[in-house]
file protein-v1.cif (mmCIF, C-alpha atoms)
data_input
loop_
_atom_site.group_PDB
_atom_site.id
_atom_site.type_symbol
_atom_site.label_atom_id
_atom_site.label_comp_id
_atom_site.auth_asym_id
_atom_site.auth_seq_id
_atom_site.Cartn_x
_atom_site.Cartn_y
_atom_site.Cartn_z
ATOM 1 C CA MET P 3 -50.343 -41.825 66.525
ATOM 2 C CA ALA P 4 -51.171 -40.791 70.087
ATOM 3 C CA PRO P 5 -48.785 -38.328 71.786
ATOM 4 C CA LEU P 6 -46.466 -39.684 74.444
ATOM 5 C CA VAL P 7 -47.845 -39.032 77.893
ATOM 6 C CA PRO P 8 -45.425 -38.987 80.813
ATOM 7 C CA ARG P 9 -45.993 -41.932 83.114
ATOM 8 C CA SER P 10 -46.328 -41.367 86.817
ATOM 9 C CA GLY P 11 -43.549 -42.576 89.086
ATOM 10 C CA ASP P 12 -45.921 -45.236 90.445
ATOM 11 C CA ALA P 13 -46.728 -46.547 86.952
ATOM 12 C CA VAL P 14 -43.076 -46.742 85.970
ATOM 13 C CA PHE P 15 -42.091 -48.310 89.316
ATOM 14 C CA ALA P 16 -44.746 -50.993 88.880
ATOM 15 C CA ASN P 17 -43.317 -52.029 85.505
ATOM 16 C CA VAL P 18 -39.575 -51.834 86.161
ATOM 17 C CA GLU P 19 -37.544 -54.919 86.961
ATOM 18 C CA ARG P 20 -36.247 -54.704 90.508
ATOM 19 C CA VAL P 21 -33.715 -56.419 92.660
ATOM 20 C CA ASN P 22 -34.519 -57.394 96.213
ATOM 21 C CA ALA P 23 -34.436 -54.167 98.284
ATOM 22 C CA GLU P 24 -32.605 -55.778 101.201
ATOM 23 C CA LEU P 25 -29.966 -57.239 98.885
ATOM 24 C CA PHE P 26 -29.479 -53.848 97.236
ATOM 25 C CA THR P 27 -29.232 -52.057 100.596
ATOM 26 C CA LEU P 28 -26.771 -54.563 102.026
ATOM 27 C CA THR P 29 -24.652 -54.528 98.853
ATOM 28 C CA TYR P 30 -24.489 -50.734 98.926
ATOM 29 C CA GLY P 31 -23.514 -50.897 102.601
ATOM 30 C CA ALA P 32 -20.715 -53.330 101.783
ATOM 31 C CA ILE P 33 -19.419 -50.957 99.100
ATOM 32 C CA VAL P 34 -19.401 -48.017 101.515
ATOM 33 C CA ARG P 35 -17.690 -50.130 104.184
ATOM 34 C CA GLN P 36 -14.995 -51.236 101.724
ATOM 35 C CA LEU P 37 -14.398 -47.637 100.640
ATOM 36 C CA ILE P 38 -13.962 -46.612 104.277
ATOM 37 C CA THR P 39 -11.460 -49.438 104.768
ATOM 38 C CA ASP P 40 -9.546 -48.696 101.555
ATOM 39 C CA LEU P 41 -9.531 -44.892 101.587
ATOM 40 C CA GLU P 42 -9.468 -44.375 105.375
ATOM 41 C CA GLU P 43 -10.452 -40.665 105.109
ATOM 42 C CA VAL P 44 -14.150 -39.805 105.198
ATOM 43 C CA ASP P 45 -13.739 -36.877 102.777
ATOM 44 C CA GLU P 46 -12.181 -39.207 100.213
ATOM 45 C CA VAL P 47 -15.038 -41.685 100.675
ATOM 46 C CA ASN P 48 -17.541 -38.849 100.093
ATOM 47 C CA LYS P 49 -15.726 -37.882 96.871
ATOM 48 C CA GLN P 50 -15.594 -41.481 95.662
ATOM 49 C CA LEU P 51 -19.310 -42.081 96.366
ATOM 50 C CA ASP P 52 -20.171 -38.881 94.488
ATOM 51 C CA GLN P 53 -18.014 -39.939 91.519
ATOM 52 C CA MET P 54 -19.559 -43.422 91.493
ATOM 53 C CA GLY P 55 -23.012 -41.831 91.513
ATOM 54 C CA TYR P 56 -22.036 -39.468 88.699
ATOM 55 C CA ASN P 57 -20.907 -42.405 86.570
ATOM 56 C CA ILE P 58 -24.194 -44.183 87.292
ATOM 57 C CA GLY P 59 -26.247 -41.056 86.567
ATOM 58 C CA ILE P 60 -24.758 -40.478 83.119
ATOM 59 C CA ARG P 61 -25.890 -43.992 82.169
ATOM 60 C CA LEU P 62 -29.133 -44.156 84.139
ATOM 61 C CA ILE P 63 -30.642 -41.168 82.338
ATOM 62 C CA ASP P 64 -31.082 -43.231 79.161
ATOM 63 C CA GLU P 65 -33.139 -45.850 80.986
ATOM 64 C CA PHE P 66 -35.118 -43.145 82.750
ATOM 65 C CA LEU P 67 -35.977 -41.343 79.502
ATOM 66 C CA ALA P 68 -36.840 -44.596 77.710
ATOM 67 C CA LYS P 69 -39.125 -45.994 80.395
ATOM 68 C CA SER P 70 -40.760 -42.866 81.800
ATOM 69 C CA ASN P 71 -41.911 -41.248 78.521
ATOM 70 C CA VAL P 72 -40.869 -37.891 79.974
ATOM 71 C CA SER P 73 -40.168 -35.375 77.240
ATOM 72 C CA ARG P 74 -37.976 -32.300 77.561
ATOM 73 C CA CYS P 75 -38.812 -30.339 80.701
ATOM 74 C CA VAL P 76 -39.756 -26.705 80.204
ATOM 75 C CA ASP P 77 -37.534 -25.371 82.987
ATOM 76 C CA PHE P 78 -35.499 -26.332 86.025
ATOM 77 C CA LYS P 79 -38.588 -26.290 88.274
ATOM 78 C CA GLU P 80 -40.286 -28.939 86.148
ATOM 79 C CA THR P 81 -37.045 -30.932 86.042
ATOM 80 C CA ALA P 82 -36.849 -30.964 89.841
ATOM 81 C CA GLU P 83 -40.458 -32.179 90.093
ATOM 82 C CA VAL P 84 -39.778 -34.985 87.617
ATOM 83 C CA ILE P 85 -36.703 -36.089 89.584
ATOM 84 C CA ALA P 86 -38.637 -36.032 92.855
ATOM 85 C CA LYS P 87 -41.857 -37.698 91.701
ATOM 86 C CA VAL P 88 -40.756 -39.982 88.856
ATOM 87 C CA GLY P 89 -36.994 -40.538 89.131
ATOM 88 C CA PHE P 90 -36.826 -41.333 92.839
ATOM 89 C CA LYS P 91 -39.947 -43.494 92.593
ATOM 90 C CA MET P 92 -38.677 -45.353 89.538
ATOM 91 C CA PHE P 93 -35.271 -46.250 90.960
ATOM 92 C CA LEU P 94 -35.692 -46.205 94.764
ATOM 93 C CA GLY P 95 -39.411 -46.749 95.246
ATOM 94 C CA VAL P 96 -39.848 -43.485 97.165
ATOM 95 C CA THR P 97 -40.830 -39.943 96.264
ATOM 96 C CA ALA P 98 -39.335 -36.672 97.383
ATOM 97 C CA SER P 99 -40.848 -33.260 97.888
ATOM 98 C CA VAL P 100 -39.416 -30.179 96.194
ATOM 99 C CA THR P 101 -39.094 -27.196 98.540
ATOM 100 C CA ASN P 102 -37.079 -24.084 99.380
ATOM 101 C CA TRP P 103 -36.852 -22.544 95.911
ATOM 102 C CA ASP P 104 -34.650 -19.484 95.597
ATOM 103 C CA ALA P 105 -36.005 -16.308 93.958
ATOM 104 C CA ASP P 106 -34.340 -17.110 90.617
ATOM 105 C CA GLY P 107 -35.809 -20.610 90.391
ATOM 106 C CA THR P 108 -32.324 -22.083 90.047
ATOM 107 C CA SER P 109 -31.919 -23.757 93.433
ATOM 108 C CA CYS P 110 -34.199 -26.040 95.428
ATOM 109 C CA SER P 111 -34.234 -28.810 97.985
ATOM 110 C CA LEU P 112 -35.286 -32.405 97.403
ATOM 111 C CA VAL P 113 -36.533 -33.788 100.713
ATOM 112 C CA LEU P 114 -36.847 -37.531 101.296
ATOM 113 C CA GLU P 115 -38.831 -38.714 104.300
ATOM 114 C CA ASP P 116 -37.771 -42.300 103.594
ATOM 115 C CA ASN P 117 -34.507 -43.568 102.150
ATOM 116 C CA PRO P 118 -34.113 -47.283 101.399
ATOM 117 C CA LEU P 119 -30.313 -46.963 101.184
ATOM 118 C CA VAL P 120 -30.075 -46.498 104.944
ATOM 119 C CA ASP P 121 -32.057 -49.509 106.135
ATOM 120 C CA PHE P 122 -29.912 -51.423 108.651
ATOM 121 C CA VAL P 123 -27.367 -48.542 108.869
ATOM 122 C CA GLU P 124 -25.870 -46.966 111.957
ATOM 123 C CA LEU P 125 -22.839 -44.748 111.547
ATOM 124 C CA PRO P 126 -20.071 -45.251 114.097
ATOM 125 C CA ASP P 127 -18.398 -42.232 115.710
ATOM 126 C CA THR P 128 -15.356 -42.807 113.485
ATOM 127 C CA CYS P 129 -17.485 -41.881 110.443
ATOM 128 C CA GLN P 130 -18.410 -38.329 111.429
ATOM 129 C CA GLY P 131 -18.525 -36.263 108.250
ATOM 130 C CA LEU P 132 -19.529 -39.205 106.066
ATOM 131 C CA TYR P 133 -22.397 -38.569 103.682
ATOM 132 C CA TYR P 134 -23.455 -42.196 103.479
ATOM 133 C CA CYS P 135 -25.859 -41.595 100.575
ATOM 134 C CA ASN P 136 -23.523 -39.309 98.631
ATOM 135 C CA ILE P 137 -23.948 -41.612 95.660
ATOM 136 C CA LEU P 138 -27.410 -40.022 95.181
ATOM 137 C CA SER P 139 -25.961 -36.537 94.766
ATOM 138 C CA GLY P 140 -23.630 -37.877 92.091
ATOM 139 C CA VAL P 141 -26.458 -39.704 90.285
ATOM 140 C CA ILE P 142 -28.524 -36.520 90.109
ATOM 141 C CA ARG P 143 -25.555 -34.436 88.964
ATOM 142 C CA GLY P 144 -24.553 -36.961 86.279
ATOM 143 C CA ALA P 145 -28.075 -37.463 84.950
ATOM 144 C CA LEU P 146 -28.754 -33.727 84.750
ATOM 145 C CA GLU P 147 -25.475 -33.108 82.973
ATOM 146 C CA MET P 148 -26.592 -35.540 80.264
ATOM 147 C CA VAL P 149 -29.695 -33.401 79.684
ATOM 148 C CA SER P 150 -27.633 -30.199 79.428
ATOM 149 C CA MET P 151 -27.822 -28.973 83.030
ATOM 150 C CA LYS P 152 -24.626 -28.365 84.992
ATOM 151 C CA THR P 153 -25.547 -28.611 88.668
ATOM 152 C CA GLU P 154 -24.135 -28.691 92.145
ATOM 153 C CA VAL P 155 -25.790 -31.188 94.501
ATOM 154 C CA THR P 156 -25.057 -31.130 98.226
ATOM 155 C CA TRP P 157 -26.487 -32.686 101.378
ATOM 156 C CA VAL P 158 -28.207 -30.324 103.806
ATOM 157 C CA ARG P 159 -29.849 -32.756 106.221
ATOM 158 C CA ASP P 160 -29.231 -36.434 106.920
ATOM 159 C CA MET P 161 -31.213 -38.610 109.337
ATOM 160 C CA LEU P 162 -28.094 -40.702 109.974
ATOM 161 C CA ARG P 163 -26.675 -37.534 111.540
ATOM 162 C CA GLY P 164 -29.751 -36.949 113.691
ATOM 163 C CA ASP P 165 -31.731 -34.680 111.335
ATOM 164 C CA ASP P 166 -35.465 -35.117 110.762
ATOM 165 C CA ALA P 167 -35.240 -35.847 107.000
ATOM 166 C CA TYR P 168 -32.858 -36.356 104.091
ATOM 167 C CA GLU P 169 -32.425 -33.123 102.149
ATOM 168 C CA LEU P 170 -30.390 -32.578 99.012
ATOM 169 C CA ARG P 171 -29.811 -29.050 97.726
ATOM 170 C CA VAL P 172 -29.746 -28.902 93.920
ATOM 171 C CA LYS P 173 -28.386 -25.743 92.319
ATOM 172 C CA LEU P 174 -28.449 -25.125 88.572
ATOM 173 C CA LEU P 175 -25.076 -23.630 87.677
ATOM 174 C CA LYS P 176 -25.687 -23.279 83.951
ATOM 175 C CA GLN P 177 -27.766 -24.601 81.109
ATOM 176 C CA ILE P 178 -25.424 -26.180 78.580
ATOM 177 C CA PRO P 179 -26.474 -25.492 74.987
ATOM 178 C CA GLU P 180 -26.917 -28.672 72.985
ATOM 179 C CA GLU P 181 -24.408 -29.186 70.222
ATOM 180 C CA TYR P 182 -25.223 -31.265 67.226
ATOM 181 C CA PRO P 183 -22.466 -33.213 65.478
ATOM 182 C CA TYR P 184 -23.620 -32.061 62.059
ATOM 183 C CA LYS P 185 -24.944 -28.939 60.367
ATOM 184 C CA ASP P 186 -28.486 -28.860 59.004
ATOM 185 C CA ASP P 187 -27.522 -27.090 55.782
ATOM 186 C CA GLU P 188 -25.106 -29.765 54.607
#

call {"tool": "encode", "arguments": {"input": "protein-v1.cif", "output": "structure tokens"}}
result
Amino acid sequence: MAPLVPRSGDAVFANVERVNAELFTLTYGAIVRQLITDLEEVDEVNKQLDQMGYNIGIRLIDEFLAKSNVSRCVDFKETAEVIAKVGFKMFLGVTASVTNWDADGTSCSLVLEDNPLVDFVELPDTCQGLYYCNILSGVIRGALEMVSMKTEVTWVRDMLRGDDAYELRVKLLKQIPEEYPYKDDE
């Protein structure tokens, strides 16, 4: 039997069922708009988007692992590269670059030049402080938690706020040891 070889983000993206990008973007926009209407406070909307993303991430990781043939990553640096090159490509059709590593190798930036979630979006002045794509930080956090990595994911730059790129800072807080529900000696 041949060993499993990780598939590139392009190969996985080519074989994954997709919804129309415009429909997805407009639907996401409608969700954000409804949250703004219902919650009224931008900080609460940011929290809700992060929580929604977290809930998606803890489920999305199964599909990612099944379709990408990615095996266990050696370290956090490899994990970040897989997220940037395979994960983003597989689910959003774009890739990110991994930059700004700290000396310990536990914190880096994922930089997106393109972000399909923001097509057709302009933030009004009343939405200052809104991290429109905060769902992505939650997805990353939730997915990584399912593979035993407790992380903190925050936005550093956002083109909707006038920055030159979209930048997420991902910090590994701790590696969670895997627990098995049974003992080997029984």

call {"tool": "closest_residue", "arguments": {"input": "protein-v1.cif", "among": "P:Val88, P:Leu119, P:Cys129, P:Val96", "to": "Thr29 (chain P)", "atoms": "all atoms listed in the file"}}
result
P:Leu119

call {"tool": "atom_distance", "arguments": {"input": "protein-v1.cif", "atom1": "CA of Ala98 (chain P)", "atom2": "CA of Arg143 (chain P)"}}
result
16.3 Å

call {"tool": "atom_distance", "arguments": {"input": "protein-v1.cif", "atom1": "CA of Gln177 (chain P)", "atom2": "CA of Asn57 (chain P)"}}
result
19.8 Å

call {"tool": "resolve_selection", "arguments": {"input": "protein-v1.cif", "expression": "the PyMOL selection byres ((chain P and resi 159) around 10)", "output": "list in words"}}
result
Val113, Leu114, Tyr133, Thr156, Trp157, Val158, Asp160, Met161, Leu162, Arg163, Gly164, Asp165, Asp166, Ala167, Tyr168, Glu169, Leu170 and Arg171 of chain P

call {"tool": "resolve_selection", "arguments": {"input": "protein-v1.cif", "expression": "the PyMOL selection byres ((chain P and resi 78) around 10)", "output": "count of residues only"}}
result
17

call {"tool": "atom_distance", "arguments": {"input": "protein-v1.cif", "atom1": "CA of Leu41 (chain P)", "atom2": "CA of Glu147 (chain P)"}}
result
27.2 Å

call {"tool": "residues_around", "arguments": {"input": "protein-v1.cif", "residues": "Ile60 (chain P)", "least_positions_apart": "6", "cutoff": "9 Å", "atoms": "only C-alpha atoms", "output": "PyMOL selection string"}}
result
chain P and resi 141-148

call {"tool": "write_last_selection", "arguments": {"input": "protein-v1.cif", "atoms": "C-alpha atoms", "output": "compact mmCIF listing (two decimals), in the coordinates of the input"}}
result
# COMPACT_ATOMS: atom_id res chain seq x y z
CA VAL P 141 -26.46 -39.70 90.28
CA ILE P 142 -28.52 -36.52 90.11
CA ARG P 143 -25.56 -34.44 88.96
CA GLY P 144 -24.55 -36.96 86.28
CA ALA P 145 -28.08 -37.46 84.95
CA LEU P 146 -28.75 -33.73 84.75
CA GLU P 147 -25.48 -33.11 82.97
CA MET P 148 -26.59 -35.54 80.26

call {"tool": "axis_aligned_box", "arguments": {"input": "protein-v1.cif", "around": "region 84-99 of chain P", "padding_each_side": "4 Å", "output": "JSON"}}
result
{"center_x": -38.6, "center_y": -40.0, "center_z": 92.8, "size_x": 14.6, "size_y": 21.5, "size_z": 18.3}

call {"tool": "closest_residue", "arguments": {"input": "protein-v1.cif", "among": "P:Asn48, P:Lys69, P:Phe26, P:Leu112", "to": "Lys87 (chain P)", "atoms": "all atoms listed in the file"}}
result
P:Leu112

call {"tool": "closest_residue", "arguments": {"input": "protein-v1.cif", "among": "P:Phe93, P:Glu154, P:Val100, P:Gln50", "to": "Leu62 (chain P)", "atoms": "only C-alpha atoms"}}
result
P:Phe93

call {"tool": "residues_around", "arguments": {"input": "protein-v1.cif", "residues": "Lys49 (chain P)", "least_positions_apart": "6", "cutoff": "10 Å", "atoms": "all atoms listed in the file", "output": "ChimeraX atom specification"}}
result
/P:55,133,136-137,140

call {"tool": "residues_around", "arguments": {"input": "protein-v1.cif", "residues": "Gln130 (chain P)", "least_positions_apart": "4", "cutoff": "8 Å", "atoms": "all atoms listed in the file", "output": "PDB file with C-alpha atoms, in the frame of the given file"}}
result
ATOM      1  CA  VAL P  44     -14.150 -39.805 105.198  1.00  0.00           C
ATOM      2  CA  LEU P 125     -22.839 -44.748 111.547  1.00  0.00           C
ATOM      3  CA  PRO P 126     -20.071 -45.251 114.097  1.00  0.00           C
TER       4      PRO P 126
END

call {"tool": "closest_residue", "arguments": {"input": "protein-v1.cif", "among": "P:Gly95, P:Pro118, P:Pro179, P:Gly131", "to": "Gly31 (chain P)", "atoms": "only C-alpha atoms"}}
result
P:Pro118

call {"tool": "residues_around", "arguments": {"input": "protein-v1.cif", "residues": "Phe122 (chain P)", "least_positions_apart": "2", "cutoff": "8 Å", "atoms": "all atoms listed in the file", "output": "list in words"}}
result
Leu28, Val120 and Glu124 of chain P
